[in-house]
$ cat query.cif   # mmCIF, C-alpha atoms
data_structure
#
loop_
_atom_site.group_PDB
_atom_site.id
_atom_site.type_symbol
_atom_site.label_atom_id
_atom_site.label_comp_id
_atom_site.auth_asym_id
_atom_site.auth_seq_id
_atom_site.Cartn_x
_atom_site.Cartn_y
_atom_site.Cartn_z
ATOM 1 C CA MET A 1 -33.232 -10.631 -65.561
ATOM 2 C CA SER A 2 -31.930 -7.089 -66.246
ATOM 3 C CA TYR A 3 -30.365 -5.066 -63.460
ATOM 4 C CA ARG A 4 -33.355 -2.657 -63.552
ATOM 5 C CA LYS A 5 -35.788 -5.499 -62.932
ATOM 6 C CA ARG A 6 -33.567 -6.853 -60.155
ATOM 7 C CA THR A 7 -33.463 -3.395 -58.582
ATOM 8 C CA ALA A 8 -37.282 -3.120 -58.678
ATOM 9 C CA ALA A 9 -37.655 -6.627 -57.219
ATOM 10 C CA LEU A 10 -35.277 -5.866 -54.344
ATOM 11 C CA ALA A 11 -37.053 -2.589 -53.544
ATOM 12 C CA SER A 12 -40.435 -4.374 -53.513
ATOM 13 C CA ALA A 13 -39.091 -7.122 -51.233
ATOM 14 C CA ALA A 14 -37.665 -4.525 -48.839
ATOM 15 C CA ALA A 15 -40.972 -2.659 -48.702
ATOM 16 C CA LEU A 16 -42.849 -5.904 -47.994
ATOM 17 C CA ALA A 17 -40.348 -6.791 -45.233
ATOM 18 C CA GLY A 18 -40.906 -3.396 -43.628
ATOM 19 C CA SER A 19 -44.680 -3.942 -43.761
ATOM 20 C CA ALA A 20 -44.283 -7.378 -42.139
ATOM 21 C CA VAL A 21 -42.307 -5.831 -39.285
ATOM 22 C CA LEU A 22 -45.070 -3.268 -38.718
ATOM 23 C CA MET A 23 -47.742 -5.990 -38.652
ATOM 24 C CA ALA A 24 -45.847 -8.354 -36.342
ATOM 25 C CA ALA A 25 -44.540 -5.802 -33.807
ATOM 26 C CA PRO A 26 -46.185 -5.988 -30.365
ATOM 27 C CA ALA A 27 -48.230 -3.053 -29.051
ATOM 28 C CA ALA A 28 -49.641 -1.971 -25.728
ATOM 29 C CA HIS A 29 -53.365 -2.553 -25.257
ATOM 30 C CA ALA A 30 -55.556 -0.367 -23.045
ATOM 31 C CA GLU A 31 -59.284 -0.182 -22.456
ATOM 32 C CA VAL A 32 -61.668 1.442 -20.004
ATOM 33 C CA VAL A 33 -63.131 -1.198 -17.667
ATOM 34 C CA ASP A 34 -66.197 -0.847 -15.454
ATOM 35 C CA VAL A 35 -65.279 -1.679 -11.874
ATOM 36 C CA LYS A 36 -67.947 -2.345 -9.242
ATOM 37 C CA TYR A 37 -66.658 -1.252 -5.849
ATOM 38 C CA GLN A 38 -68.037 -2.406 -2.513
ATOM 39 C CA CYS A 39 -66.998 0.210 0.030
ATOM 40 C CA LYS A 40 -66.674 -0.234 3.793
ATOM 41 C CA THR A 41 -67.344 3.221 5.218
ATOM 42 C CA PRO A 42 -67.639 4.537 8.791
ATOM 43 C CA ILE A 43 -71.407 4.774 8.319
ATOM 44 C CA GLY A 44 -71.987 1.434 6.617
ATOM 45 C CA ASP A 45 -71.487 -0.378 3.324
ATOM 46 C CA LYS A 46 -71.971 1.343 -0.015
ATOM 47 C CA SER A 47 -71.444 0.310 -3.635
ATOM 48 C CA ALA A 48 -70.640 2.190 -6.807
ATOM 49 C CA VAL A 49 -69.525 1.475 -10.357
ATOM 50 C CA SER A 50 -66.846 3.530 -12.055
ATOM 51 C CA PRO A 51 -65.092 3.110 -15.407
ATOM 52 C CA ILE A 52 -61.357 2.757 -14.737
ATOM 53 C CA ASP A 53 -58.595 3.744 -17.130
ATOM 54 C CA ILE A 54 -54.948 2.730 -16.560
ATOM 55 C CA LYS A 55 -52.102 4.108 -18.653
ATOM 56 C CA GLY A 56 -48.372 3.265 -18.742
ATOM 57 C CA VAL A 57 -45.660 5.638 -19.943
ATOM 58 C CA LYS A 58 -42.030 4.524 -20.272
ATOM 59 C CA SER A 59 -39.846 6.155 -17.626
ATOM 60 C CA GLY A 60 -36.199 5.095 -17.281
ATOM 61 C CA SER A 61 -36.015 1.345 -16.661
ATOM 62 C CA GLY A 62 -39.701 1.169 -15.720
ATOM 63 C CA TYR A 63 -43.095 2.701 -16.369
ATOM 64 C CA LYS A 64 -45.160 5.446 -14.779
ATOM 65 C CA ILE A 65 -48.577 3.898 -14.159
ATOM 66 C CA THR A 66 -51.562 6.264 -13.915
ATOM 67 C CA MET A 67 -55.002 5.138 -12.753
ATOM 68 C CA SER A 68 -58.071 7.284 -13.522
ATOM 69 C CA TRP A 69 -61.671 7.156 -12.287
ATOM 70 C CA GLN A 70 -64.377 8.472 -14.616
ATOM 71 C CA LYS A 71 -67.080 8.511 -11.953
ATOM 72 C CA GLY A 72 -67.168 9.177 -8.235
ATOM 73 C CA VAL A 73 -67.254 6.393 -5.660
ATOM 74 C CA SER A 74 -68.602 6.401 -2.111
ATOM 75 C CA SER A 75 -69.703 9.641 -0.436
ATOM 76 C CA SER A 76 -69.533 11.487 2.879
ATOM 77 C CA PRO A 77 -72.439 12.501 5.144
ATOM 78 C CA VAL A 78 -70.618 15.774 5.824
ATOM 79 C CA GLU A 79 -68.775 18.168 3.550
ATOM 80 C CA LEU A 80 -65.111 17.386 2.983
ATOM 81 C CA GLY A 81 -63.125 20.600 2.922
ATOM 82 C CA LYS A 82 -60.250 21.251 0.532
ATOM 83 C CA GLY A 83 -57.382 18.831 1.249
ATOM 84 C CA ALA A 84 -59.449 16.699 3.653
ATOM 85 C CA MET A 85 -59.570 13.552 1.498
ATOM 86 C CA ASN A 86 -56.467 11.492 0.612
ATOM 87 C CA PRO A 87 -56.842 8.569 -1.833
ATOM 88 C CA SER A 88 -54.516 5.681 -2.644
ATOM 89 C CA ALA A 89 -54.923 2.358 -4.429
ATOM 90 C CA VAL A 90 -53.171 -0.741 -5.700
ATOM 91 C CA VAL A 91 -52.994 -2.034 -9.265
ATOM 92 C CA LYS A 92 -52.777 -5.810 -9.584
ATOM 93 C CA LEU A 93 -50.232 -7.335 -11.961
ATOM 94 C CA GLY A 94 -50.922 -10.441 -13.996
ATOM 95 C CA GLY A 95 -49.623 -12.384 -16.962
ATOM 96 C CA ALA A 96 -45.826 -12.586 -17.037
ATOM 97 C CA ASP A 97 -45.410 -10.699 -13.737
ATOM 98 C CA SER A 98 -47.166 -10.747 -10.376
ATOM 99 C CA GLY A 99 -47.685 -8.553 -7.332
ATOM 100 C CA THR A 100 -49.107 -5.032 -7.101
ATOM 101 C CA VAL A 101 -48.171 -1.463 -7.908
ATOM 102 C CA ALA A 102 -49.028 1.174 -5.278
ATOM 103 C CA VAL A 103 -50.503 4.374 -6.714
ATOM 104 C CA SER A 104 -51.294 7.603 -4.910
ATOM 105 C CA GLY A 105 -52.157 11.191 -5.673
ATOM 106 C CA PRO A 106 -53.003 14.616 -4.279
ATOM 107 C CA ALA A 107 -55.751 15.371 -1.803
ATOM 108 C CA ASN A 108 -59.000 16.893 -3.068
ATOM 109 C CA GLN A 109 -58.332 20.355 -4.475
ATOM 110 C CA ALA A 110 -61.861 21.603 -3.850
ATOM 111 C CA ALA A 111 -64.484 21.013 -1.166
ATOM 112 C CA ILE A 112 -66.711 17.960 -1.689
ATOM 113 C CA PRO A 113 -70.368 18.556 -0.699
ATOM 114 C CA ALA A 114 -72.101 16.152 1.671
ATOM 115 C CA ASP A 115 -73.776 13.077 0.146
ATOM 116 C CA THR A 116 -72.001 13.610 -3.183
ATOM 117 C CA PRO A 117 -70.058 10.876 -4.985
ATOM 118 C CA ILE A 118 -66.365 11.417 -4.263
ATOM 119 C CA LYS A 119 -64.382 11.981 -7.474
ATOM 120 C CA ILE A 120 -60.903 10.508 -7.119
ATOM 121 C CA ASN A 121 -57.991 12.409 -8.626
ATOM 122 C CA ASP A 122 -55.647 10.506 -10.939
ATOM 123 C CA LEU A 123 -53.305 8.269 -8.948
ATOM 124 C CA SER A 124 -49.847 7.267 -10.152
ATOM 125 C CA GLY A 125 -46.927 5.029 -9.207
ATOM 126 C CA THR A 126 -43.857 3.381 -10.730
ATOM 127 C CA TYR A 127 -43.655 -0.150 -12.124
ATOM 128 C CA THR A 128 -40.271 -1.771 -12.811
ATOM 129 C CA PRO A 129 -40.590 -5.075 -14.703
ATOM 130 C CA LYS A 130 -39.177 -8.114 -12.868
ATOM 131 C CA LYS A 131 -40.033 -10.533 -15.676
ATOM 132 C CA SER A 132 -40.301 -10.245 -19.442
ATOM 133 C CA GLY A 133 -43.471 -10.789 -21.434
ATOM 134 C CA LYS A 134 -47.023 -9.488 -21.525
ATOM 135 C CA VAL A 135 -48.042 -7.966 -18.187
ATOM 136 C CA THR A 136 -51.620 -6.995 -17.306
ATOM 137 C CA PHE A 137 -52.703 -4.178 -14.985
ATOM 138 C CA THR A 138 -56.045 -4.462 -13.188
ATOM 139 C CA ALA A 139 -57.806 -2.178 -10.701
ATOM 140 C CA GLY A 140 -57.333 -3.284 -7.087
ATOM 141 C CA VAL A 141 -58.393 -1.968 -3.685
ATOM 142 C CA LEU A 142 -59.029 1.771 -3.304
ATOM 143 C CA THR A 143 -58.463 3.418 0.092
ATOM 144 C CA ILE A 144 -59.889 6.815 1.029
ATOM 145 C CA LYS A 145 -58.772 8.571 4.201
ATOM 146 C CA ALA A 146 -60.772 11.587 5.335
ATOM 147 C CA LEU A 147 -61.411 13.386 8.638
ATOM 148 C CA GLY A 148 -59.631 10.676 10.615
ATOM 149 C CA THR A 149 -61.635 7.839 9.047
ATOM 150 C CA THR A 150 -60.736 5.196 6.461
ATOM 151 C CA THR A 151 -62.972 3.882 3.694
ATOM 152 C CA THR A 152 -61.892 0.754 1.804
ATOM 153 C CA CYS A 153 -63.401 -0.002 -1.610
ATOM 154 C CA THR A 154 -62.852 -3.470 -3.078
ATOM 155 C CA PRO A 155 -63.694 -4.535 -6.663
ATOM 156 C CA THR A 156 -66.350 -7.256 -6.548
ATOM 157 C CA ASN A 157 -67.066 -7.965 -10.226
ATOM 158 C CA SER A 158 -63.689 -9.523 -11.111
ATOM 159 C CA PRO A 159 -62.852 -6.746 -13.576
ATOM 160 C CA GLY A 160 -60.604 -7.451 -16.523
ATOM 161 C CA PRO A 161 -57.279 -5.688 -17.105
ATOM 162 C CA SER A 162 -57.362 -2.013 -18.052
ATOM 163 C CA LEU A 163 -53.868 -2.195 -19.549
ATOM 164 C CA THR A 164 -51.568 -4.797 -21.099
ATOM 165 C CA LEU A 165 -47.891 -4.066 -21.770
ATOM 166 C CA ASP A 166 -45.253 -6.199 -23.483
ATOM 167 C CA VAL A 167 -42.211 -5.512 -21.283
ATOM 168 C CA THR A 168 -38.598 -6.577 -20.852
ATOM 169 C CA ALA A 169 -37.209 -7.158 -17.358
ATOM 170 C CA ALA A 170 -34.902 -4.427 -16.098
ATOM 171 C CA SER A 171 -31.192 -5.108 -16.642
ATOM 172 C CA GLY A 172 -29.766 -7.207 -13.806
ATOM 173 C CA ALA A 173 -33.126 -8.612 -12.676
ATOM 174 C CA SER A 174 -32.486 -12.039 -11.172
ATOM 175 C CA ASP A 175 -35.504 -13.729 -12.731
ATOM 176 C CA SER A 176 -35.101 -12.540 -16.317
ATOM 177 C CA SER A 177 -34.135 -15.113 -18.919
ATOM 178 C CA PRO A 178 -31.027 -14.709 -21.166
ATOM 179 C CA SER A 179 -33.224 -14.170 -24.200
ATOM 180 C CA ASP A 180 -34.878 -11.218 -22.447
ATOM 181 C CA SER A 181 -31.677 -9.318 -21.701
ATOM 182 C CA GLY A 182 -31.863 -7.067 -24.765
ATOM 183 C CA SER A 183 -31.217 -3.364 -24.760
ATOM 184 C CA GLY A 184 -33.775 -0.846 -23.544
ATOM 185 C CA SER A 185 -34.592 0.091 -27.116
ATOM 186 C CA GLU A 186 -36.500 -3.187 -27.418
ATOM 187 C CA LEU A 187 -39.112 -1.999 -24.907
ATOM 188 C CA PRO A 188 -42.351 -0.887 -26.600
ATOM 189 C CA GLN A 189 -43.660 2.652 -26.145
ATOM 190 C CA THR A 190 -47.185 2.832 -24.770
ATOM 191 C CA GLY A 191 -48.289 5.776 -26.848
ATOM 192 C CA PRO A 192 -49.560 4.864 -30.351
ATOM 193 C CA GLU A 193 -47.681 7.794 -31.956
ATOM 194 C CA ASP A 194 -44.388 6.802 -30.345
ATOM 195 C CA SER A 195 -44.896 3.199 -31.457
ATOM 196 C CA ALA A 196 -45.619 4.271 -35.029
ATOM 197 C CA ILE A 197 -42.473 6.418 -35.139
ATOM 198 C CA ALA A 198 -40.277 3.645 -33.739
ATOM 199 C CA LEU A 199 -41.710 0.987 -36.054
ATOM 200 C CA GLY A 200 -41.559 3.310 -39.069
ATOM 201 C CA THR A 201 -37.870 3.866 -38.367
ATOM 202 C CA LEU A 202 -37.283 0.104 -38.261
ATOM 203 C CA GLY A 203 -39.181 -0.408 -41.526
ATOM 204 C CA GLY A 204 -37.130 2.392 -43.091
ATOM 205 C CA THR A 205 -33.936 0.643 -42.023
ATOM 206 C CA VAL A 206 -35.053 -2.533 -43.809
ATOM 207 C CA LEU A 207 -35.901 -0.494 -46.911
ATOM 208 C CA LEU A 208 -32.519 1.232 -46.913
ATOM 209 C CA ALA A 209 -30.792 -2.143 -46.595
ATOM 210 C CA GLY A 210 -32.639 -3.370 -49.685
ATOM 211 C CA ALA A 211 -31.753 -0.200 -51.619
ATOM 212 C CA ALA A 212 -28.085 -0.619 -50.671
ATOM 213 C CA GLY A 213 -28.148 -4.178 -52.052
ATOM 214 C CA ALA A 214 -29.711 -2.946 -55.305
ATOM 215 C CA LEU A 215 -27.019 -0.258 -55.663
ATOM 216 C CA TRP A 216 -24.278 -2.879 -55.166
ATOM 217 C CA LEU A 217 -25.801 -5.097 -57.892
ATOM 218 C CA THR A 218 -26.094 -2.113 -60.258
ATOM 219 C CA ARG A 219 -22.443 -1.205 -59.833
ATOM 220 C CA ARG A 220 -21.460 -4.864 -60.264
ATOM 221 C CA ASN A 221 -23.321 -5.069 -63.592
ATOM 222 C CA GLN A 222 -21.758 -1.829 -64.811
ATOM 223 C CA ALA A 223 -18.268 -3.154 -63.958
ATOM 224 C CA ALA A 224 -19.015 -6.385 -65.822
ATOM 225 C CA ARG A 225 -19.911 -4.466 -68.997
ATOM 226 C CA ARG A 226 -16.589 -2.638 -68.875
#
$ encode --input "query.cif" --output "structure tokens"
Amino acid sequence: MSYRKRTAALASAAALAGSAVLMAAPAAHAEVVDVKYQCKTPIGDKSAVSPIDIKGVKSGSGYKITMSWQKGVSSSPVELGKGAMNPSAVVKLGGADSGTVAVSGPANQAAIPADTPIKINDLSGTYTPKKSGKVTFTAGVLTIKALGTTTTCTPTNSPGPSLTLDVTAASGASDSSPSDSGSGSELPQTGPEDSAIALGTLGGTVLLAGAAGALWLTRRNQAARR
């Protein structure tokens, strides 16, 4: 085989290797999940369904977890003035990790009329992986405090996870395995654009390695002719 054909073959193999890396690399998975809440309020039980979205953004050795409600839940028989309602919630962990992540957010920034579904502001908290692997994030109990009262809303339809992340335990975590003690660069980004950039860089590295091998063979053949 001539050195030109060998060069073309090596370049093709490198391109295919880069494509294989892109196909095999893990990615975060997120979806909006309908959650049916049963709320214990000061004036009796109420129920409501709201689509829940949970996002995770890499932050230091952990992730910033943000929980969003697309519809209001519960209501108040009287108007809630600006700043009168304070929400908080928990996000349940599953898969490779366990426990909960506490999320909270600002009080209502505008008055909420009486007998109107209460729209919850986005709530956020920090998750630091204790174990490596795929971790799921599922809506848990929502707590609303307003005018000296507390309303507790519990999911009753066993909702599925709104987010799945492939994580690596933070450095020094006691329950991480030796194979999971890689550098922070091995953690996946949760944004699709960030993932594409990172994976494209890795594929480019494979391609450059193949080109370097082709250049070495070319020079070797030229030296042999001399």
$ closest_residue --input "query.cif" --among "A:Thr136, A:Thr149, A:Thr156, A:Thr128" --to "Ala169 (chain A)" --atoms "all atoms listed in the file"
A:Thr128
$ resolve_selection --input "query.cif" --expression "the PyMOL selection byres ((chain A and resi 166) around 6)" --output "list in words"
Gly133, Lys134, Leu165 and Val167 of chain A
$ write_last_selection --input "query.cif" --atoms "C-alpha atoms" --output "PDB file, in the coordinates of the input"
ATOM      1  CA  GLY A 133     -43.471 -10.789 -21.434  1.00  0.00           C
ATOM      2  CA  LYS A 134     -47.023  -9.488 -21.525  1.00  0.00           C
ATOM      3  CA  LEU A 165     -47.891  -4.066 -21.770  1.00  0.00           C
ATOM      4  CA  VAL A 167     -42.211  -5.512 -21.283  1.00  0.00           C
TER       5      VAL A 167
END
$ resolve_selection --input "query.cif" --expression "the PyMOL selection byres ((chain A and resi 78) around 9)" --output "compact mmCIF listing (two decimals) with C-alpha atoms, keeping the file's coordinate frame"
# COMPACT_ATOMS: atom_id res chain seq x y z
CA SER A 75 -69.70 9.64 -0.44
CA SER A 76 -69.53 11.49 2.88
CA PRO A 77 -72.44 12.50 5.14
CA GLU A 79 -68.78 18.17 3.55
CA LEU A 80 -65.11 17.39 2.98
CA ILE A 112 -66.71 17.96 -1.69
CA PRO A 113 -70.37 18.56 -0.70
CA ALA A 114 -72.10 16.15 1.67
CA ASP A 115 -73.78 13.08 0.15
$ resolve_selection --input "query.cif" --expression "the PyMOL selection byres ((chain A and resi 25-39) around 7)" --output "VMD selection string"
chain A and resid 21 to 24 40 to 41 45 to 53 74 151 to 157 159 to 160 162 to 166 188 190
$ closest_residue --input "query.cif" --among "A:Lys145, A:Lys55, A:Lys71, A:Lys131" --to "Gly99 (chain A)" --atoms "all atoms listed in the file"
A:Lys131
$ atom_distance --input "query.cif" --atom1 "CA of Gly94 (chain A)" --atom2 "CA of Gln70 (chain A)"
23.2 Å
$ closest_residue --input "query.cif" --among "A:Gly95, A:Gly83, A:Pro129, A:Pro117" --to "Gly62 (chain A)" --atoms "all atoms listed in the file"
A:Pro129
$ atom_distance --input "query.cif" --atom1 "CA of Leu147 (chain A)" --atom2 "CA of Met67 (chain A)"
23.8 Å
$ atom_distance --input "query.cif" --atom1 "CA of Thr143 (chain A)" --atom2 "CA of Asn86 (chain A)"
8.3 Å
$ residues_around --input "query.cif" --residues "Lys92 (chain A)" --least-positions-apart "3" --cutoff "8 Å" --atoms "all atoms listed in the file" --output "list in words"
Ser98, Gly99, Thr100, Val101, Thr136, Phe137, Thr138, Ala139 and Gly140 of chain A
$ closest_residue --input "query.cif" --among "A:Gly125, A:Pro161, A:Pro42, A:Gly148" --to "Val90 (chain A)" --atoms "all atoms listed in the file"
A:Gly125
$ closest_residue --input "query.cif" --among "A:Leu123, A:Ile118, A:Val141, A:Ala102" --to "Ile54 (chain A)" --atoms "only C-alpha atoms"
A:Leu123
$ closest_residue --input "query.cif" --among "A:Gly56, A:Tyr63, A:Lys82, A:Val91" --to "Ala170 (chain A)" --atoms "all atoms listed in the file"
A:Tyr63
$ decode --input "query.cif" --residues "region 116-127 of chain A" --atoms "all heavy atoms" --output "mmCIF file, in the first residue's frame"
data_model
loop_
_atom_site.group_PDB
_atom_site.id
_atom_site.type_symbol
_atom_site.label_atom_id
_atom_site.label_comp_id
_atom_site.auth_asym_id
_atom_site.auth_seq_id
_atom_site.Cartn_x
_atom_site.Cartn_y
_atom_site.Cartn_z
ATOM 1 N N THR A 116 -56.761 32.010 44.009
ATOM 2 C CA THR A 116 -56.002 31.900 42.753
ATOM 3 C C THR A 116 -54.868 30.896 42.949
ATOM 4 O O THR A 116 -54.178 30.949 43.974
ATOM 5 C CB THR A 116 -55.408 33.266 42.359
ATOM 6 O OG1 THR A 116 -56.477 34.206 42.174
ATOM 7 C CG2 THR A 116 -54.616 33.149 41.067
ATOM 8 N N PRO A 117 -54.680 29.985 42.001
ATOM 9 C CA PRO A 117 -53.561 29.043 42.141
ATOM 10 C C PRO A 117 -52.248 29.771 42.395
ATOM 11 O O PRO A 117 -51.923 30.739 41.710
ATOM 12 C CB PRO A 117 -53.551 28.312 40.792
ATOM 13 C CG PRO A 117 -54.967 28.390 40.325
ATOM 14 C CD PRO A 117 -55.465 29.734 40.780
ATOM 15 N N ILE A 118 -51.507 29.312 43.396
ATOM 16 C CA ILE A 118 -50.260 29.973 43.783
ATOM 17 C C ILE A 118 -49.129 29.499 42.872
ATOM 18 O O ILE A 118 -48.779 28.320 42.848
ATOM 19 C CB ILE A 118 -49.907 29.657 45.252
ATOM 20 C CG1 ILE A 118 -50.994 30.221 46.173
ATOM 21 C CG2 ILE A 118 -48.548 30.228 45.617
ATOM 22 C CD1 ILE A 118 -50.815 29.839 47.633
ATOM 23 N N LYS A 119 -48.562 30.432 42.106
ATOM 24 C CA LYS A 119 -47.422 30.109 41.235
ATOM 25 C C LYS A 119 -46.150 30.174 42.067
ATOM 26 O O LYS A 119 -45.844 31.174 42.696
ATOM 27 C CB LYS A 119 -47.347 31.112 40.081
ATOM 28 C CG LYS A 119 -46.129 30.918 39.169
ATOM 29 C CD LYS A 119 -46.221 29.608 38.409
ATOM 30 C CE LYS A 119 -45.110 29.509 37.351
ATOM 31 N NZ LYS A 119 -43.769 29.411 37.931
ATOM 32 N N ILE A 120 -45.414 29.069 42.076
ATOM 33 C CA ILE A 120 -44.180 28.981 42.852
ATOM 34 C C ILE A 120 -43.006 29.491 42.017
ATOM 35 O O ILE A 120 -42.846 29.109 40.859
ATOM 36 C CB ILE A 120 -43.910 27.520 43.274
ATOM 37 C CG1 ILE A 120 -45.128 26.942 44.000
ATOM 38 C CG2 ILE A 120 -42.663 27.439 44.150
ATOM 39 C CD1 ILE A 120 -45.489 27.655 45.271
ATOM 40 N N ASN A 121 -42.206 30.361 42.597
ATOM 41 C CA ASN A 121 -40.987 30.796 41.917
ATOM 42 C C ASN A 121 -40.009 29.628 41.806
ATOM 43 O O ASN A 121 -40.112 28.653 42.561
ATOM 44 C CB ASN A 121 -40.315 31.934 42.692
ATOM 45 C CG ASN A 121 -41.106 33.232 42.612
ATOM 46 O OD1 ASN A 121 -41.701 33.532 41.588
ATOM 47 N ND2 ASN A 121 -41.113 33.999 43.689
ATOM 48 N N ASP A 122 -39.056 29.729 40.895
ATOM 49 C CA ASP A 122 -38.027 28.694 40.785
ATOM 50 C C ASP A 122 -37.281 28.555 42.106
ATOM 51 O O ASP A 122 -36.934 29.559 42.744
ATOM 52 C CB ASP A 122 -37.024 29.054 39.682
ATOM 53 C CG ASP A 122 -37.617 28.910 38.297
ATOM 54 O OD1 ASP A 122 -38.772 28.473 38.184
ATOM 55 O OD2 ASP A 122 -36.907 29.246 37.326
ATOM 56 N N LEU A 123 -37.066 27.300 42.515
ATOM 57 C CA LEU A 123 -36.342 27.021 43.753
ATOM 58 C C LEU A 123 -35.023 26.343 43.402
ATOM 59 O O LEU A 123 -34.955 25.534 42.479
ATOM 60 C CB LEU A 123 -37.166 26.108 44.670
ATOM 61 C CG LEU A 123 -38.597 26.562 44.990
ATOM 62 C CD1 LEU A 123 -39.268 25.571 45.936
ATOM 63 C CD2 LEU A 123 -38.610 27.963 45.585
ATOM 64 N N SER A 124 -33.971 26.657 44.140
ATOM 65 C CA SER A 124 -32.664 26.080 43.811
ATOM 66 C C SER A 124 -31.907 25.672 45.063
ATOM 67 O O SER A 124 -32.163 26.171 46.170
ATOM 68 C CB SER A 124 -31.824 27.071 42.998
ATOM 69 O OG SER A 124 -31.598 28.262 43.728
ATOM 70 N N GLY A 125 -30.967 24.753 44.885
ATOM 71 C CA GLY A 125 -30.117 24.263 45.965
ATOM 72 C C GLY A 125 -28.878 23.642 45.367
ATOM 73 O O GLY A 125 -28.725 23.581 44.134
ATOM 74 N N THR A 126 -27.976 23.164 46.201
ATOM 75 C CA THR A 126 -26.703 22.604 45.734
ATOM 76 C C THR A 126 -26.642 21.105 46.020
ATOM 77 O O THR A 126 -26.959 20.656 47.117
ATOM 78 C CB THR A 126 -25.515 23.294 46.427
ATOM 79 O OG1 THR A 126 -25.551 24.688 46.121
ATOM 80 C CG2 THR A 126 -24.195 22.720 45.937
ATOM 81 N N TYR A 127 -26.231 20.349 45.015
ATOM 82 C CA TYR A 127 -26.031 18.908 45.153
ATOM 83 C C TYR A 127 -24.564 18.584 44.926
ATOM 84 O O TYR A 127 -23.985 18.929 43.897
ATOM 85 C CB TYR A 127 -26.889 18.144 44.140
ATOM 86 C CG TYR A 127 -26.487 16.701 43.962
ATOM 87 C CD1 TYR A 127 -26.592 15.792 45.018
ATOM 88 C CD2 TYR A 127 -25.976 16.238 42.744
ATOM 89 C CE1 TYR A 127 -26.215 14.466 44.865
ATOM 90 C CE2 TYR A 127 -25.597 14.917 42.585
ATOM 91 C CZ TYR A 127 -25.720 14.032 43.655
ATOM 92 O OH TYR A 127 -25.330 12.721 43.501
#
